[in-house]
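Student: The following block contains the structure, expressed as structure tokens.
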There are 2 protein chains.
Amino acid sequence: MKNYSLTLCYDGTRYKGWQKQGNTDSTIQEKLEKLLSRLLKQDIEVAGSGRTDAGVHARRQVCSFRAETGLSCEELLSLIRQYLPEDIGAAELHAVEPRFHARLSCREKTYVYRVWNSSDPNVFERRYMCSFPDALDVESMRAATAPLLGTHDFTAFCSDGRMKKSAVRTVKDIRIDRIGNELRFELTGDGFLYNMVRIIVGTLLEVGLGKRSAASVSAALEAKDRALAGPTAPAHGLILWDVRY
Amino acid sequence: MKNYSLTLCYDGTRYKGWQKQGNTDSTIQEKLEKLLSRLLKQDIEVAGSGRTDAGVHARRQVCSFRAETGLSCEELLSLIRQYLPEDIGAAELHAVEPRFHARLSCREKTYVYRVWNSSDPNVFERRYMCSFPDALDVESMRAATAPLLGTHDFTAFCSDGRMKKSAVRTVKDIRIDRIGNELRFELTGDGFLYNMVRIIVGTLLEVGLGKRSAASVSAALEAKDRALAGPTAPAHGLILWDVRY
């Protein structure tokens with residue numbers, strides 16, 4: 001058995017996210033496992049670097065799987081490309097050391113959230129940006145990122161109230177850049193909880209509107225109370241940008 | 001009655017082109033005329049700068065129409081934006097002099113044809129670029145644009161064999177640029193015949209593949225024979241880029 005890492009990109013619009021949900025064909029993991037199992041004539045289980053929610057995209061997602069095959073990586077990659085649907089792309093395939101595991105070995109992730117901050121039309125990127133035409137104070141949003149940086153219990157910024165595992169994560173960087181009419185949030189950390197990036201962005205947008213202060217962000221974090229953070233920003237503006245090992 | 005110019009952009013993927021085809025809801029002109037007639041409570045006829053074929057996009061299309069209304073341009077534009085589907089955008093609306101006509105007054109158009117020249121995945125722009133992974137000789141394609149520049153009868157580069165009007169057009173510029181994996185064709189002229197840009201691109205791609213010479217492009221043009229030009233490149237790579245008055 002060889003161990004492989006496969007680098008993917010996908011347009012999440014028509015999928016119920018990464019993780020398989022029984023025997024449907026509506027998640028990226030299922031699409032991939034079915035295809036690989038068929039191509040390699042064996043049961044293949046794929047581990048992603050992490051789940052992406054329904055409707056969330058990936059510019060660079062990494063997954064790993066074990067398989068027994070005489071095909072070279074080049075041959076297998078070419079086959080995979082031939083059969084993947086056009087909204088899932090395979091960028092790279094490599095044989096990797098046996099211990100490599102896309103989720104467990106993952107060191108750092110970057111997510112990007114794209115906001116179209118204008119009432120001008122945005123027809124060509126409408127599937128990949130969240131439209132939010134109201135005026136936003138970028139400086140106050142930047143200031144409000146400060147309490148989120150570093151290692152904290154992010155329970156207030158997680159949608160899963162029944163989560164039993166640790167909610168402690170380290171957020172290494174939050175950048176907010178204006179690129180023309182686009183406002184781009186770039187978050188880097190060792191990992192993110194369920195909906196965490198979207199709740200952080202939803203909270204920062206409230207700061208940008210003047211509806212809440214940077215202090216209220218600290219307060220939500222300290223209280224570990226989801227109700228004190230902002231709304232979950234829509235899925236389609238979010239993209240898993242990069243994954244590092 | 002006031003005369004208006006409306007600047008649009010659209011993702012042509014799900015439309016049968018610009019021009020109305022009876023009482024369906026499948027073209028951009030129909031969508032627009034129905035919406036304007038409903039909003040302004042009068043029959044509105046819209047003239048576009050030109051037709052775009054089924055599946056072709058527009059970054060900047062201009063149309064004109066006459067209407068009687070007490071609404072300001074700002075109010076009307078805001079209403080139009082509210083009701084247009086998300087794949088058609090209204091960028092600008094202006095009151096213009098009575099003689100202005102989007103098609104008759106049009107002086108120059110630029111079309112862009114985008115080719116994804118790689119076997120790497122291109123999931124996010126797959127609707128707006130034509131995938132063509134084979135190696136292409138850009139220098140020989142550039143050389144083959146020379147016979148097309150200037151004023152010619154472009155019958156060989158038109159799909160409409162029964163066309164009765166003049167097929168003489170002036171092509172002012174053809175640029176071919178490589179931007180990473182993308183090959184971008186930019187054609188500027190006083191007007192283009194039915195499928196003309198797509199046939200020019202299909203012919204130049206054959207030159208890039210080494211299947212035909214620059215001389216064969218001259219020969220097709222002189223013979224005015226559609227059969228001597230190359231295939232019509234797929235619609236979804238084409239975008240009406242700009243329209244000048």
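Starting from 1 in every chain, residues are counted up; chains themselves are A, B, ... following the order of the structure tokens, and ligands are numbered from 1 as listed.
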Which chain A residues are at most 9 Å from chain B (counting only C-alpha atoms), as a list in words?
Tutor: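 Applying the cut-off to the listed atoms yields Leu8, Cys9, Tyr10, Asp11, Arg59, Ser78, Arg81, Glu86, Asp87, Ile88, Gly89, Ala90, Ala91, Glu92, Ser119, Asp120, Pro121, Asn122, Val123, Phe124, Glu125, Arg126 and Tyr128 of chain A.
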Student: Mind dumping the selected residues with C-alpha atoms as a PDB file, in the first residue's frame?
Tutor:
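What landed in out32.pdb:
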```
ATOM      1  CA  LEU A   8      -7.740  19.726  -4.947  1.00  0.00           C
ATOM      2  CA  CYS A   9      -9.651  22.875  -5.728  1.00  0.00           C
ATOM      3  CA  TYR A  10     -13.417  23.054  -5.899  1.00  0.00           C
ATOM      4  CA  ASP A  11     -16.384  25.279  -6.465  1.00  0.00           C
ATOM      5  CA  ARG A  59      -8.637  27.065  -3.792  1.00  0.00           C
ATOM      6  CA  SER A  78      -4.473  12.174 -15.507  1.00  0.00           C
ATOM      7  CA  ARG A  81      -8.723  14.679 -14.017  1.00  0.00           C
ATOM      8  CA  GLU A  86     -15.831  20.239 -13.830  1.00  0.00           C
ATOM      9  CA  ASP A  87     -16.372  21.918 -10.455  1.00  0.00           C
ATOM     10  CA  ILE A  88     -13.711  19.778  -8.745  1.00  0.00           C
ATOM     11  CA  GLY A  89     -10.143  20.047  -9.959  1.00  0.00           C
ATOM     12  CA  ALA A  90      -7.103  17.888  -9.166  1.00  0.00           C
ATOM     13  CA  ALA A  91      -3.952  20.012  -9.105  1.00  0.00           C
ATOM     14  CA  GLU A  92      -1.275  17.617  -7.818  1.00  0.00           C
ATOM     15  CA  SER A 119     -24.116  48.138  -5.131  1.00  0.00           C
ATOM     16  CA  ASP A 120     -22.438  47.834  -8.553  1.00  0.00           C
ATOM     17  CA  PRO A 121     -23.112  44.513 -10.250  1.00  0.00           C
ATOM     18  CA  ASN A 122     -20.730  41.606  -9.755  1.00  0.00           C
ATOM     19  CA  VAL A 123     -22.112  38.973 -12.107  1.00  0.00           C
ATOM     20  CA  PHE A 124     -18.930  37.034 -12.870  1.00  0.00           C
ATOM     21  CA  GLU A 125     -17.813  36.397  -9.301  1.00  0.00           C
ATOM     22  CA  ARG A 126     -21.223  36.328  -7.662  1.00  0.00           C
ATOM     23  CA  TYR A 128     -17.542  33.413  -4.806  1.00  0.00           C
TER      24      TYR A 128
END
```
Student: For region 193-201 of chain A, please output as an NGL selection string all residues within 9 Å (counting only C-alpha atoms; exclusion window: fewer than 5 positions along the same chain).
Tutor: :A and (51-53 or 111-113 or 145 or 148 or 154-160 or 167-169 or 185 or 187 or 206 or 229-235 or 237-238)
Student: Can I have chain B aligned to chain A? Use a least-squares fit on all Cα atoms paired in order and write it out as a PDB file with C-alpha atoms, in the first residue's frame.
Tutor:
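Below you can see selection_28.pdb, which holds the result:
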```pdb
ATOM      1  CA  MET B   1       0.019   0.001   0.028  1.00  0.00           C
ATOM      2  CA  LYS B   2       1.288   3.415  -0.912  1.00  0.00           C
ATOM      3  CA  ASN B   3       0.237   6.648   0.726  1.00  0.00           C
ATOM      4  CA  TYR B   4      -0.793   9.537  -1.521  1.00  0.00           C
ATOM      5  CA  SER B   5      -1.503  13.228  -1.105  1.00  0.00           C
ATOM      6  CA  LEU B   6      -3.897  14.798  -3.593  1.00  0.00           C
ATOM      7  CA  THR B   7      -4.278  18.569  -3.906  1.00  0.00           C
ATOM      8  CA  LEU B   8      -7.736  19.722  -4.950  1.00  0.00           C
ATOM      9  CA  CYS B   9      -9.647  22.867  -5.730  1.00  0.00           C
ATOM     10  CA  TYR B  10     -13.417  23.055  -5.909  1.00  0.00           C
ATOM     11  CA  ASP B  11     -16.373  25.276  -6.467  1.00  0.00           C
ATOM     12  CA  GLY B  12     -18.538  24.301  -3.489  1.00  0.00           C
ATOM     13  CA  THR B  13     -21.768  25.814  -4.865  1.00  0.00           C
ATOM     14  CA  ARG B  14     -23.621  22.571  -5.551  1.00  0.00           C
ATOM     15  CA  TYR B  15     -22.151  20.427  -2.739  1.00  0.00           C
ATOM     16  CA  LYS B  16     -23.199  19.778   0.819  1.00  0.00           C
ATOM     17  CA  GLY B  17     -19.646  20.406   1.931  1.00  0.00           C
ATOM     18  CA  TRP B  18     -16.595  18.181   2.157  1.00  0.00           C
ATOM     19  CA  GLN B  19     -17.635  15.442   4.537  1.00  0.00           C
ATOM     20  CA  LYS B  20     -19.523  12.338   3.467  1.00  0.00           C
ATOM     21  CA  GLN B  21     -23.069  11.953   4.706  1.00  0.00           C
ATOM     22  CA  GLY B  22     -23.873   8.331   4.043  1.00  0.00           C
ATOM     23  CA  ASN B  23     -24.311   6.991   0.571  1.00  0.00           C
ATOM     24  CA  THR B  24     -25.243  10.139  -1.331  1.00  0.00           C
ATOM     25  CA  ASP B  25     -23.358  11.845  -4.085  1.00  0.00           C
ATOM     26  CA  SER B  26     -23.639  15.336  -2.682  1.00  0.00           C
ATOM     27  CA  THR B  27     -20.323  15.889  -0.911  1.00  0.00           C
ATOM     28  CA  ILE B  28     -16.826  16.256  -2.267  1.00  0.00           C
ATOM     29  CA  GLN B  29     -15.391  13.441  -0.157  1.00  0.00           C
ATOM     30  CA  GLU B  30     -18.020  11.025  -1.498  1.00  0.00           C
ATOM     31  CA  LYS B  31     -17.477  12.052  -5.113  1.00  0.00           C
ATOM     32  CA  LEU B  32     -13.772  11.497  -4.658  1.00  0.00           C
ATOM     33  CA  GLU B  33     -13.959   8.191  -2.772  1.00  0.00           C
ATOM     34  CA  LYS B  34     -16.369   6.762  -5.331  1.00  0.00           C
ATOM     35  CA  LEU B  35     -14.186   7.847  -8.222  1.00  0.00           C
ATOM     36  CA  LEU B  36     -10.926   6.575  -6.699  1.00  0.00           C
ATOM     37  CA  SER B  37     -12.519   3.273  -5.639  1.00  0.00           C
ATOM     38  CA  ARG B  38     -13.834   2.768  -9.164  1.00  0.00           C
ATOM     39  CA  LEU B  39     -10.572   3.750 -10.899  1.00  0.00           C
ATOM     40  CA  LEU B  40      -8.375   1.683  -8.565  1.00  0.00           C
ATOM     41  CA  LYS B  41     -10.815  -1.223  -8.121  1.00  0.00           C
ATOM     42  CA  GLN B  42     -10.503  -1.199  -4.313  1.00  0.00           C
ATOM     43  CA  ASP B  43     -12.191   0.589  -1.427  1.00  0.00           C
ATOM     44  CA  ILE B  44     -10.513   3.951  -0.983  1.00  0.00           C
ATOM     45  CA  GLU B  45     -10.996   6.167   2.040  1.00  0.00           C
ATOM     46  CA  VAL B  46      -9.945   9.766   1.728  1.00  0.00           C
ATOM     47  CA  ALA B  47      -8.950  12.073   4.611  1.00  0.00           C
ATOM     48  CA  GLY B  48      -9.238  15.818   3.966  1.00  0.00           C
ATOM     49  CA  SER B  49      -7.180  18.482   5.756  1.00  0.00           C
ATOM     50  CA  GLY B  50     -10.502  19.509   7.271  1.00  0.00           C
ATOM     51  CA  ARG B  51     -14.172  19.804   6.448  1.00  0.00           C
ATOM     52  CA  THR B  52     -15.522  22.653   4.442  1.00  0.00           C
ATOM     53  CA  ASP B  53     -19.202  23.518   5.029  1.00  0.00           C
ATOM     54  CA  ALA B  54     -21.946  23.283   2.432  1.00  0.00           C
ATOM     55  CA  GLY B  55     -21.400  25.924  -0.248  1.00  0.00           C
ATOM     56  CA  VAL B  56     -17.826  26.738   0.789  1.00  0.00           C
ATOM     57  CA  HIS B  57     -15.101  26.643  -1.877  1.00  0.00           C
ATOM     58  CA  ALA B  58     -11.480  25.526  -1.852  1.00  0.00           C
ATOM     59  CA  ARG B  59      -8.642  27.070  -3.810  1.00  0.00           C
ATOM     60  CA  ARG B  60      -6.284  24.524  -2.258  1.00  0.00           C
ATOM     61  CA  GLN B  61      -7.524  21.569  -0.231  1.00  0.00           C
ATOM     62  CA  VAL B  62      -5.251  18.603   0.476  1.00  0.00           C
ATOM     63  CA  CYS B  63      -6.395  15.059   1.105  1.00  0.00           C
ATOM     64  CA  SER B  64      -4.579  11.773   1.627  1.00  0.00           C
ATOM     65  CA  PHE B  65      -5.440   8.150   0.895  1.00  0.00           C
ATOM     66  CA  ARG B  66      -3.776   4.728   0.778  1.00  0.00           C
ATOM     67  CA  ALA B  67      -3.942   2.516  -2.296  1.00  0.00           C
ATOM     68  CA  GLU B  68      -2.267  -0.399  -4.016  1.00  0.00           C
ATOM     69  CA  THR B  69      -1.649   0.342  -7.684  1.00  0.00           C
ATOM     70  CA  GLY B  70       0.843  -0.111 -10.474  1.00  0.00           C
ATOM     71  CA  LEU B  71      -0.090   3.263 -11.963  1.00  0.00           C
ATOM     72  CA  SER B  72       2.397   6.113 -11.717  1.00  0.00           C
ATOM     73  CA  CYS B  73       1.281   9.344 -10.034  1.00  0.00           C
ATOM     74  CA  GLU B  74       1.200  11.005 -13.427  1.00  0.00           C
ATOM     75  CA  GLU B  75      -1.036   8.313 -14.893  1.00  0.00           C
ATOM     76  CA  LEU B  76      -3.364   8.297 -11.911  1.00  0.00           C
ATOM     77  CA  LEU B  77      -3.612  12.113 -11.827  1.00  0.00           C
ATOM     78  CA  SER B  78      -4.466  12.179 -15.497  1.00  0.00           C
ATOM     79  CA  LEU B  79      -7.212   9.552 -14.963  1.00  0.00           C
ATOM     80  CA  ILE B  80      -8.624  11.462 -11.991  1.00  0.00           C
ATOM     81  CA  ARG B  81      -8.711  14.678 -14.035  1.00  0.00           C
ATOM     82  CA  GLN B  82     -10.523  12.891 -16.806  1.00  0.00           C
ATOM     83  CA  TYR B  83     -13.387  11.739 -14.575  1.00  0.00           C
ATOM     84  CA  LEU B  84     -13.810  14.486 -11.975  1.00  0.00           C
ATOM     85  CA  PRO B  85     -16.791  16.801 -12.541  1.00  0.00           C
ATOM     86  CA  GLU B  86     -15.849  20.242 -13.838  1.00  0.00           C
ATOM     87  CA  ASP B  87     -16.380  21.920 -10.457  1.00  0.00           C
ATOM     88  CA  ILE B  88     -13.718  19.778  -8.749  1.00  0.00           C
ATOM     89  CA  GLY B  89     -10.132  20.047  -9.956  1.00  0.00           C
ATOM     90  CA  ALA B  90      -7.106  17.887  -9.173  1.00  0.00           C
ATOM     91  CA  ALA B  91      -3.962  19.996  -9.103  1.00  0.00           C
ATOM     92  CA  GLU B  92      -1.277  17.615  -7.809  1.00  0.00           C
ATOM     93  CA  LEU B  93      -0.807  14.002  -6.771  1.00  0.00           C
ATOM     94  CA  HIS B  94       2.266  12.779  -4.901  1.00  0.00           C
ATOM     95  CA  ALA B  95       3.378   9.589  -3.189  1.00  0.00           C
ATOM     96  CA  VAL B  96       4.135  10.588   0.402  1.00  0.00           C
ATOM     97  CA  GLU B  97       5.697   8.997   3.482  1.00  0.00           C
ATOM     98  CA  PRO B  98       3.469   6.466   5.276  1.00  0.00           C
ATOM     99  CA  ARG B  99       2.936   8.713   8.313  1.00  0.00           C
ATOM    100  CA  PHE B 100       1.481  11.602   6.314  1.00  0.00           C
ATOM    101  CA  HIS B 101      -2.198  12.248   7.065  1.00  0.00           C
ATOM    102  CA  ALA B 102      -3.936  15.241   5.477  1.00  0.00           C
ATOM    103  CA  ARG B 103      -5.776  16.202   8.682  1.00  0.00           C
ATOM    104  CA  LEU B 104      -3.408  15.084  11.438  1.00  0.00           C
ATOM    105  CA  SER B 105      -0.266  16.390   9.745  1.00  0.00           C
ATOM    106  CA  CYS B 106      -1.802  19.763   8.891  1.00  0.00           C
ATOM    107  CA  ARG B 107       0.091  22.599  10.543  1.00  0.00           C
ATOM    108  CA  GLU B 108      -1.657  25.735   9.361  1.00  0.00           C
ATOM    109  CA  LYS B 109      -4.609  26.847   7.264  1.00  0.00           C
ATOM    110  CA  THR B 110      -5.586  30.067   5.556  1.00  0.00           C
ATOM    111  CA  TYR B 111      -9.173  30.922   4.750  1.00  0.00           C
ATOM    112  CA  VAL B 112     -10.248  33.885   2.655  1.00  0.00           C
ATOM    113  CA  TYR B 113     -13.650  35.503   2.918  1.00  0.00           C
ATOM    114  CA  ARG B 114     -14.586  37.761   0.004  1.00  0.00           C
ATOM    115  CA  VAL B 115     -17.141  40.554   0.360  1.00  0.00           C
ATOM    116  CA  TRP B 116     -18.405  42.580  -2.628  1.00  0.00           C
ATOM    117  CA  ASN B 117     -18.816  45.909  -0.893  1.00  0.00           C
ATOM    118  CA  SER B 118     -20.691  47.842  -3.560  1.00  0.00           C
ATOM    119  CA  SER B 119     -24.116  48.143  -5.128  1.00  0.00           C
ATOM    120  CA  ASP B 120     -22.448  47.848  -8.543  1.00  0.00           C
ATOM    121  CA  PRO B 121     -23.117  44.531 -10.245  1.00  0.00           C
ATOM    122  CA  ASN B 122     -20.737  41.618  -9.759  1.00  0.00           C
ATOM    123  CA  VAL B 123     -22.122  38.991 -12.108  1.00  0.00           C
ATOM    124  CA  PHE B 124     -18.937  37.037 -12.868  1.00  0.00           C
ATOM    125  CA  GLU B 125     -17.825  36.400  -9.289  1.00  0.00           C
ATOM    126  CA  ARG B 126     -21.239  36.335  -7.650  1.00  0.00           C
ATOM    127  CA  ARG B 127     -20.798  32.678  -6.643  1.00  0.00           C
ATOM    128  CA  TYR B 128     -17.543  33.420  -4.811  1.00  0.00           C
ATOM    129  CA  MET B 129     -18.240  36.705  -3.045  1.00  0.00           C
ATOM    130  CA  CYS B 130     -20.845  37.770  -0.560  1.00  0.00           C
ATOM    131  CA  SER B 131     -22.640  40.947  -1.595  1.00  0.00           C
ATOM    132  CA  PHE B 132     -22.690  43.538   1.186  1.00  0.00           C
ATOM    133  CA  PRO B 133     -23.185  47.052  -0.206  1.00  0.00           C
ATOM    134  CA  ASP B 134     -23.348  49.053   3.054  1.00  0.00           C
ATOM    135  CA  ALA B 135     -20.453  51.361   3.964  1.00  0.00           C
ATOM    136  CA  LEU B 136     -17.911  49.666   6.246  1.00  0.00           C
ATOM    137  CA  ASP B 137     -15.277  51.260   8.454  1.00  0.00           C
ATOM    138  CA  VAL B 138     -12.237  49.125   7.666  1.00  0.00           C
ATOM    139  CA  GLU B 139     -10.017  50.706  10.326  1.00  0.00           C
ATOM    140  CA  SER B 140     -12.414  49.830  13.130  1.00  0.00           C
ATOM    141  CA  MET B 141     -12.744  46.274  11.783  1.00  0.00           C
ATOM    142  CA  ARG B 142      -8.944  45.957  11.747  1.00  0.00           C
ATOM    143  CA  ALA B 143      -8.786  47.186  15.340  1.00  0.00           C
ATOM    144  CA  ALA B 144     -11.435  44.629  16.357  1.00  0.00           C
ATOM    145  CA  THR B 145      -9.295  41.734  15.067  1.00  0.00           C
ATOM    146  CA  ALA B 146      -6.740  42.308  17.878  1.00  0.00           C
ATOM    147  CA  PRO B 147      -8.616  40.415  20.648  1.00  0.00           C
ATOM    148  CA  LEU B 148      -9.018  37.416  18.314  1.00  0.00           C
ATOM    149  CA  LEU B 149      -5.306  36.966  17.611  1.00  0.00           C
ATOM    150  CA  GLY B 150      -3.402  34.365  19.584  1.00  0.00           C
ATOM    151  CA  THR B 151      -4.554  31.274  21.475  1.00  0.00           C
ATOM    152  CA  HIS B 152      -8.104  31.369  22.862  1.00  0.00           C
ATOM    153  CA  ASP B 153     -11.133  29.240  23.548  1.00  0.00           C
ATOM    154  CA  PHE B 154     -13.294  30.129  20.544  1.00  0.00           C
ATOM    155  CA  THR B 155     -16.559  28.603  21.844  1.00  0.00           C
ATOM    156  CA  ALA B 156     -18.336  31.926  21.202  1.00  0.00           C
ATOM    157  CA  PHE B 157     -17.301  31.682  17.544  1.00  0.00           C
ATOM    158  CA  CYS B 158     -18.476  28.120  16.909  1.00  0.00           C
ATOM    159  CA  SER B 159     -21.909  26.927  15.742  1.00  0.00           C
ATOM    160  CA  ASP B 160     -21.684  23.496  17.321  1.00  0.00           C
ATOM    161  CA  GLY B 161     -23.059  23.947  20.846  1.00  0.00           C
ATOM    162  CA  ARG B 162     -22.604  20.275  21.671  1.00  0.00           C
ATOM    163  CA  MET B 163     -18.927  20.184  20.763  1.00  0.00           C
ATOM    164  CA  LYS B 164     -17.065  18.062  23.270  1.00  0.00           C
ATOM    165  CA  LYS B 165     -13.513  18.468  22.026  1.00  0.00           C
ATOM    166  CA  SER B 166     -11.332  21.442  22.875  1.00  0.00           C
ATOM    167  CA  ALA B 167     -12.394  24.748  21.353  1.00  0.00           C
ATOM    168  CA  VAL B 168      -8.930  26.202  21.842  1.00  0.00           C
ATOM    169  CA  ARG B 169      -7.350  27.387  18.625  1.00  0.00           C
ATOM    170  CA  THR B 170      -4.521  29.737  17.682  1.00  0.00           C
ATOM    171  CA  VAL B 171      -5.322  32.485  15.200  1.00  0.00           C
ATOM    172  CA  LYS B 172      -2.027  33.715  13.813  1.00  0.00           C
ATOM    173  CA  ASP B 173      -3.124  36.491  11.501  1.00  0.00           C
ATOM    174  CA  ILE B 174      -6.222  38.323  10.306  1.00  0.00           C
ATOM    175  CA  ARG B 175      -5.782  40.714   7.394  1.00  0.00           C
ATOM    176  CA  ILE B 176      -8.486  42.910   5.910  1.00  0.00           C
ATOM    177  CA  ASP B 177      -7.681  44.355   2.501  1.00  0.00           C
ATOM    178  CA  ARG B 178      -9.677  46.503   0.159  1.00  0.00           C
ATOM    179  CA  ILE B 179      -9.135  45.608  -3.507  1.00  0.00           C
ATOM    180  CA  GLY B 180     -11.378  47.909  -5.537  1.00  0.00           C
ATOM    181  CA  ASN B 181     -14.944  47.080  -4.532  1.00  0.00           C
ATOM    182  CA  GLU B 182     -13.860  43.886  -2.829  1.00  0.00           C
ATOM    183  CA  LEU B 183     -13.134  43.585   0.870  1.00  0.00           C
ATOM    184  CA  ARG B 184     -10.983  40.535   1.505  1.00  0.00           C
ATOM    185  CA  PHE B 185     -10.620  38.910   4.924  1.00  0.00           C
ATOM    186  CA  GLU B 186      -7.664  36.546   5.220  1.00  0.00           C
ATOM    187  CA  LEU B 187      -7.447  34.412   8.363  1.00  0.00           C
ATOM    188  CA  THR B 188      -4.545  32.126   9.195  1.00  0.00           C
ATOM    189  CA  GLY B 189      -4.477  29.721  12.123  1.00  0.00           C
ATOM    190  CA  ASP B 190      -3.599  26.229  13.278  1.00  0.00           C
ATOM    191  CA  GLY B 191      -7.218  25.208  12.723  1.00  0.00           C
ATOM    192  CA  PHE B 192     -10.745  26.573  12.805  1.00  0.00           C
ATOM    193  CA  LEU B 193     -13.936  25.342  14.508  1.00  0.00           C
ATOM    194  CA  TYR B 194     -17.247  24.685  12.782  1.00  0.00           C
ATOM    195  CA  ASN B 195     -18.369  27.995  11.178  1.00  0.00           C
ATOM    196  CA  MET B 196     -15.620  29.868  13.048  1.00  0.00           C
ATOM    197  CA  VAL B 197     -14.341  31.918  10.101  1.00  0.00           C
ATOM    198  CA  ARG B 198     -17.865  32.838   9.032  1.00  0.00           C
ATOM    199  CA  ILE B 199     -18.840  33.935  12.564  1.00  0.00           C
ATOM    200  CA  ILE B 200     -15.659  36.007  12.917  1.00  0.00           C
ATOM    201  CA  VAL B 201     -16.403  37.711   9.593  1.00  0.00           C
ATOM    202  CA  GLY B 202     -20.088  38.233  10.529  1.00  0.00           C
ATOM    203  CA  THR B 203     -18.958  39.823  13.801  1.00  0.00           C
ATOM    204  CA  LEU B 204     -16.348  42.051  12.134  1.00  0.00           C
ATOM    205  CA  LEU B 205     -18.944  43.224   9.593  1.00  0.00           C
ATOM    206  CA  GLU B 206     -21.105  44.389  12.504  1.00  0.00           C
ATOM    207  CA  VAL B 207     -18.086  46.314  13.810  1.00  0.00           C
ATOM    208  CA  GLY B 208     -17.604  47.832  10.331  1.00  0.00           C
ATOM    209  CA  LEU B 209     -21.228  48.973  10.339  1.00  0.00           C
ATOM    210  CA  GLY B 210     -20.757  50.647  13.743  1.00  0.00           C
ATOM    211  CA  LYS B 211     -23.214  48.199  15.340  1.00  0.00           C
ATOM    212  CA  ARG B 212     -20.675  46.864  17.819  1.00  0.00           C
ATOM    213  CA  SER B 213     -17.285  47.756  19.307  1.00  0.00           C
ATOM    214  CA  ALA B 214     -13.938  45.957  19.481  1.00  0.00           C
ATOM    215  CA  ALA B 215     -14.632  45.561  23.219  1.00  0.00           C
ATOM    216  CA  SER B 216     -17.759  43.517  22.443  1.00  0.00           C
ATOM    217  CA  VAL B 217     -15.569  41.080  20.493  1.00  0.00           C
ATOM    218  CA  SER B 218     -13.341  40.562  23.563  1.00  0.00           C
ATOM    219  CA  ALA B 219     -16.438  40.223  25.720  1.00  0.00           C
ATOM    220  CA  ALA B 220     -17.940  37.485  23.508  1.00  0.00           C
ATOM    221  CA  LEU B 221     -14.647  35.596  23.468  1.00  0.00           C
ATOM    222  CA  GLU B 222     -14.287  35.766  27.272  1.00  0.00           C
ATOM    223  CA  ALA B 223     -17.910  34.829  27.953  1.00  0.00           C
ATOM    224  CA  LYS B 224     -17.616  31.839  25.559  1.00  0.00           C
ATOM    225  CA  ASP B 225     -21.171  32.648  24.564  1.00  0.00           C
ATOM    226  CA  ARG B 226     -22.185  32.195  20.908  1.00  0.00           C
ATOM    227  CA  ALA B 227     -25.103  34.587  21.447  1.00  0.00           C
ATOM    228  CA  LEU B 228     -22.656  37.440  22.101  1.00  0.00           C
ATOM    229  CA  ALA B 229     -20.885  37.078  18.757  1.00  0.00           C
ATOM    230  CA  GLY B 230     -22.274  38.243  15.420  1.00  0.00           C
ATOM    231  CA  PRO B 231     -24.188  36.314  12.736  1.00  0.00           C
ATOM    232  CA  THR B 232     -22.657  33.578  10.573  1.00  0.00           C
ATOM    233  CA  ALA B 233     -21.682  35.168   7.238  1.00  0.00           C
ATOM    234  CA  PRO B 234     -23.052  33.309   4.155  1.00  0.00           C
ATOM    235  CA  ALA B 235     -21.117  30.242   2.975  1.00  0.00           C
ATOM    236  CA  HIS B 236     -20.493  31.242  -0.632  1.00  0.00           C
ATOM    237  CA  GLY B 237     -18.054  34.049   0.277  1.00  0.00           C
ATOM    238  CA  LEU B 238     -15.701  31.621   2.021  1.00  0.00           C
ATOM    239  CA  ILE B 239     -12.803  29.805   0.388  1.00  0.00           C
ATOM    240  CA  LEU B 240     -10.216  27.497   1.876  1.00  0.00           C
ATOM    241  CA  TRP B 241      -7.204  29.321   0.477  1.00  0.00           C
ATOM    242  CA  ASP B 242      -4.205  27.303   1.538  1.00  0.00           C
ATOM    243  CA  VAL B 243      -3.162  24.397   3.745  1.00  0.00           C
ATOM    244  CA  ARG B 244       0.388  24.021   5.093  1.00  0.00           C
ATOM    245  CA  TYR B 245       2.250  20.954   6.370  1.00  0.00           C
TER     246      TYR B 245
END
```
Student: DSSP on the backbone, alpha helix (DSSP H) only: what residues of chain A does that give? Format it as a ChimeraX atom specification.
Tutor: /A:28-40,73-83,138-145,196-208,214-223
Student: If you run DSSP on the backbone here, which positions in chain A get strand (DSSP E or B)? Please write them as a PyMOL selection string.
Tutor: chain A and resi 2-10+47-48+57-67+88-96+108-116+130-131+150-153+168-179+182-189+238-244
